[in-house]
Amino acid sequence: MGRRWGPIFEHKFRAHLRGRYDYLEGSSAQGVDFPELGVDMKVTSVKQPQSSCPYKSARQKIYGLGYSLLIFVYEKQDHATTSTGRLGIQHVIFVEANRTADFQMTTGISEIIERQGNKDDLIAFMMDRMLPADDIQASNIADEILEQPPNIGYLTVSNALQWRLQFRRAIDQADLIRGIVRVK
């Protein structure tokens, strides 16, 4: 299996920041890399731009992770003659916290609300989409949705013991959607 380049890049980026700024440093174990800013850093390959994320609640799939993401997308080029590799950063995307929810879930909810859907419609939709919530949680989330509909999210959030985040849509929509900014 190949080397995991994300942690190496993250380490070097943090060292770069430490040399220039004073800030409270978080960690993957704590959940957010820059807790004072409410920003987590993700580093991923352009071949399959995705990352894992700690699962806290089913609500995150609808209302977002609760923090923003700074996503570095790299392409690795191997140099056989020198036995070295080079990471070229292809994209740097900032996704505001209110855009970190699941695209399919939030667009489906938005359509239900636009068609005058009710609590039962929302619960049925969440269950059909296999939202990891029991009946009571789904009922509470449906009440919240009716009071405060979510923003459309631009990640693909797959269910698992931890969330699997996929970033292709966010990369494609950067600078086209408010709250998703292409830094590079």
# chains A, B, ... in the order shown; residues from 1 in each chain; ligands from 1

$ residues_around --residues "region 111-127 of chain A" --least-positions-apart "3" --cutoff "8 Å" --atoms "only C-alpha atoms" --output "list in words"
Met105, Thr107, Gly108, Met130, Leu131, Ala138, Ser139, Ala142, Asp143 and Leu146 of chain A

$ residues_around --residues "Asn159 (chain A)" --least-positions-apart "6" --cutoff "10 Å" --atoms "only C-alpha atoms" --output "mmCIF file with N, CA and C atoms, in the first residue's frame"
data_model
loop_
_atom_site.group_PDB
_atom_site.id
_atom_site.type_symbol
_atom_site.label_atom_id
_atom_site.label_comp_id
_atom_site.auth_asym_id
_atom_site.auth_seq_id
_atom_site.Cartn_x
_atom_site.Cartn_y
_atom_site.Cartn_z
ATOM 1 N N TYR A 55 -18.188 10.813 13.380
ATOM 2 C CA TYR A 55 -19.652 10.858 13.415
ATOM 3 C C TYR A 55 -20.087 11.344 14.793
ATOM 4 N N ALA A 58 -26.766 12.277 13.514
ATOM 5 C CA ALA A 58 -27.422 12.221 12.205
ATOM 6 C C ALA A 58 -27.761 13.623 11.705
ATOM 7 N N LYS A 61 -25.738 15.438 8.889
ATOM 8 C CA LYS A 61 -25.965 15.178 7.475
ATOM 9 C C LYS A 61 -26.939 16.205 6.883
ATOM 10 N N ARG A 129 -33.795 7.469 2.965
ATOM 11 C CA ARG A 129 -32.383 7.805 2.696
ATOM 12 C C ARG A 129 -31.461 7.177 3.734
ATOM 13 N N MET A 130 -32.030 6.369 4.616
ATOM 14 C CA MET A 130 -31.273 5.641 5.654
ATOM 15 C C MET A 130 -30.457 6.568 6.560
ATOM 16 N N LEU A 131 -31.068 7.676 6.940
ATOM 17 C CA LEU A 131 -30.421 8.557 7.912
ATOM 18 C C LEU A 131 -30.223 7.754 9.198
ATOM 19 N N PRO A 132 -29.022 7.736 9.757
ATOM 20 C CA PRO A 132 -28.789 6.923 10.956
ATOM 21 C C PRO A 132 -29.414 7.552 12.202
ATOM 22 N N LEU A 165 -16.692 11.742 3.828
ATOM 23 C CA LEU A 165 -16.991 12.966 3.099
ATOM 24 C C LEU A 165 -16.386 12.886 1.705
#

$ atom_distance --atom1 "CA of Gly26 (chain A)" --atom2 "CA of Lys184 (chain A)"
23.7 Å

$ closest_atom_pairs --of "region 45-149 of chain A" --to "region 172-176 of chain A" --cutoff "9 Å" --atoms "only C-alpha atoms" --output "Markdown table"
| residue | atom | partner | partner_atom | distance |
| --- | --- | --- | --- | --- |
| A:Ile93 | CA | A:Ala174 | CA | 6.9 |
| A:Phe94 | CA | A:Ala174 | CA | 8.2 |
| A:Val95 | CA | A:Ala174 | CA | 8.4 |

$ write_last_selection --atoms "N, CA and C atoms" --output "short mmCIF file (atom, residue, chain, number, x, y, z; two decimals), in the first residue's frame"
data_model
loop_
_atom_site.label_atom_id
_atom_site.label_comp_id
_atom_site.auth_asym_id
_atom_site.auth_seq_id
_atom_site.Cartn_x
_atom_site.Cartn_y
_atom_site.Cartn_z
N ILE A 93 -9.95 24.66 -1.37
CA ILE A 93 -11.35 25.06 -1.28
C ILE A 93 -11.71 25.30 0.18
N PHE A 94 -12.41 26.41 0.43
CA PHE A 94 -12.93 26.69 1.77
C PHE A 94 -14.44 26.52 1.71
N VAL A 95 -14.97 25.64 2.56
CA VAL A 95 -16.41 25.39 2.60
C VAL A 95 -16.91 25.85 3.97
#

$ residues_around --residues "Arg14 (chain A)" --least-positions-apart "3" --cutoff "12 Å" --atoms "only C-alpha atoms" --output "VMD selection string"
chain A and resid 7 to 11 17 to 27 33 to 34 41

$ select_by_dssp --residues "region 22-167 of chain A" --states "strand (DSSP E)" --output "compact mmCIF listing (two decimals) with N, CA and C atoms, in the first residue's frame"
# COMPACT_ATOMS: atom_id res chain seq x y z
N VAL A 39 -12.44 25.55 12.05
CA VAL A 39 -12.06 25.07 10.72
C VAL A 39 -11.26 23.77 10.87
N ASP A 40 -11.63 22.78 10.05
CA ASP A 40 -10.87 21.54 9.99
C ASP A 40 -10.21 21.47 8.63
N MET A 41 -8.99 20.95 8.60
CA MET A 41 -8.23 20.81 7.37
C MET A 41 -8.36 19.38 6.86
N LYS A 42 -8.62 19.26 5.58
CA LYS A 42 -8.68 17.97 4.91
C LYS A 42 -7.71 18.00 3.73
N VAL A 43 -6.93 16.95 3.58
CA VAL A 43 -5.99 16.83 2.47
C VAL A 43 -6.33 15.54 1.75
N THR A 44 -6.53 15.62 0.44
CA THR A 44 -7.02 14.47 -0.30
C THR A 44 -6.49 14.47 -1.73
N SER A 45 -6.48 13.31 -2.34
CA SER A 45 -6.00 13.16 -3.70
C SER A 45 -7.08 13.57 -4.71
N GLN A 50 -11.82 12.60 -1.10
CA GLN A 50 -12.68 12.24 0.03
C GLN A 50 -11.85 12.12 1.28
N SER A 51 -12.53 12.10 2.41
CA SER A 51 -11.87 11.96 3.70
C SER A 51 -12.87 11.45 4.72
N SER A 52 -12.37 10.92 5.81
CA SER A 52 -13.27 10.49 6.88
C SER A 52 -13.45 11.63 7.87
N CYS A 53 -14.49 11.50 8.69
CA CYS A 53 -14.83 12.54 9.63
C CYS A 53 -15.56 11.89 10.80
N SER A 68 -16.29 24.67 9.58
CA SER A 68 -15.93 24.85 8.17
C SER A 68 -14.80 23.90 7.79
N LEU A 69 -14.60 23.74 6.49
CA LEU A 69 -13.52 22.88 5.99
C LEU A 69 -12.59 23.67 5.08
N LEU A 70 -11.29 23.43 5.26
CA LEU A 70 -10.28 23.92 4.34
C LEU A 70 -9.73 22.67 3.66
N ILE A 71 -10.02 22.52 2.37
CA ILE A 71 -9.71 21.29 1.65
C ILE A 71 -8.57 21.53 0.67
N PHE A 72 -7.50 20.76 0.84
CA PHE A 72 -6.38 20.77 -0.09
C PHE A 72 -6.49 19.52 -0.95
N VAL A 73 -6.52 19.70 -2.27
CA VAL A 73 -6.63 18.57 -3.19
C VAL A 73 -5.33 18.52 -4.00
N TYR A 74 -4.62 17.39 -3.87
CA TYR A 74 -3.31 17.28 -4.51
C TYR A 74 -3.32 16.22 -5.62
N GLU A 75 -2.34 16.36 -6.49
CA GLU A 75 -2.04 15.33 -7.47
C GLU A 75 -0.59 14.93 -7.23
N LYS A 76 -0.35 13.64 -7.11
CA LYS A 76 1.01 13.14 -6.84
C LYS A 76 1.65 12.73 -8.15
N GLN A 77 2.87 13.20 -8.36
CA GLN A 77 3.64 12.82 -9.53
C GLN A 77 4.89 12.10 -9.05
N ASP A 78 5.07 10.86 -9.51
CA ASP A 78 6.25 10.08 -9.15
C ASP A 78 7.36 10.31 -10.16
N HIS A 79 8.59 10.38 -9.66
CA HIS A 79 9.77 10.52 -10.50
C HIS A 79 10.63 9.28 -10.28
N THR A 84 11.58 9.77 -6.14
CA THR A 84 10.91 10.80 -5.35
C THR A 84 9.51 11.03 -5.90
N GLY A 85 8.75 11.73 -5.14
CA GLY A 85 7.41 12.11 -5.55
C GLY A 85 7.20 13.58 -5.29
N ARG A 86 6.27 14.17 -6.00
CA ARG A 86 5.97 15.59 -5.83
C ARG A 86 4.46 15.73 -5.71
N LEU A 87 4.03 16.47 -4.69
CA LEU A 87 2.61 16.76 -4.54
C LEU A 87 2.35 18.14 -5.13
N GLY A 88 1.49 18.17 -6.12
CA GLY A 88 1.07 19.45 -6.70
C GLY A 88 -0.33 19.76 -6.20
N ILE A 89 -0.50 20.87 -5.54
CA ILE A 89 -1.82 21.25 -5.02
C ILE A 89 -2.66 21.76 -6.20
N GLN A 90 -3.73 21.03 -6.49
CA GLN A 90 -4.61 21.35 -7.61
C GLN A 90 -5.72 22.32 -7.23
N HIS A 91 -6.24 22.15 -6.00
CA HIS A 91 -7.33 22.99 -5.53
C HIS A 91 -7.15 23.23 -4.03
N VAL A 92 -7.52 24.42 -3.61
CA VAL A 92 -7.69 24.72 -2.19
C VAL A 92 -9.07 25.34 -2.09
N ILE A 93 -9.95 24.66 -1.37
CA ILE A 93 -11.35 25.06 -1.28
C ILE A 93 -11.71 25.30 0.18
N PHE A 94 -12.41 26.41 0.43
CA PHE A 94 -12.93 26.69 1.77
C PHE A 94 -14.44 26.52 1.71
N VAL A 95 -14.97 25.64 2.56
CA VAL A 95 -16.41 25.39 2.60
C VAL A 95 -16.91 25.85 3.97
N THR A 156 -20.90 15.12 -0.24
CA THR A 156 -21.57 13.84 -0.20
C THR A 156 -21.13 13.20 1.11
N VAL A 157 -22.09 12.93 1.98
CA VAL A 157 -21.79 12.39 3.30
C VAL A 157 -22.35 10.98 3.36
N SER A 158 -21.46 10.00 3.29
CA SER A 158 -21.87 8.59 3.30
C SER A 158 -21.98 8.09 4.73
N TRP A 163 -18.43 9.41 9.35
CA TRP A 163 -18.86 9.94 8.06
C TRP A 163 -17.73 9.78 7.05
N ARG A 164 -18.08 9.51 5.81
CA ARG A 164 -17.13 9.52 4.70
C ARG A 164 -17.54 10.72 3.85
N LEU A 165 -16.69 11.74 3.83
CA LEU A 165 -16.99 12.97 3.10
C LEU A 165 -16.39 12.89 1.71
N GLN A 166 -17.16 13.26 0.71
CA GLN A 166 -16.66 13.34 -0.66
C GLN A 166 -16.80 14.77 -1.13

$ closest_residue --among "A:Pro54, A:Gly6, A:Lys47, A:Ala101" --to "Val32 (chain A)" --atoms "only C-alpha atoms"
A:Pro54

$ atom_distance --atom1 "CA of Pro149 (chain A)" --atom2 "CA of Val183 (chain A)"
28.6 Å

$ select_by_dssp --residues "chain A" --states "helix (DSSP H, G or I)" --output "PyMOL selection string"
chain A and resi 5-18+60-63+97-99+103-114+119-128+135-147+168-173

$ atom_distance --atom1 "CA of Arg168 (chain A)" --atom2 "CA of Glu144 (chain A)"
28.5 Å
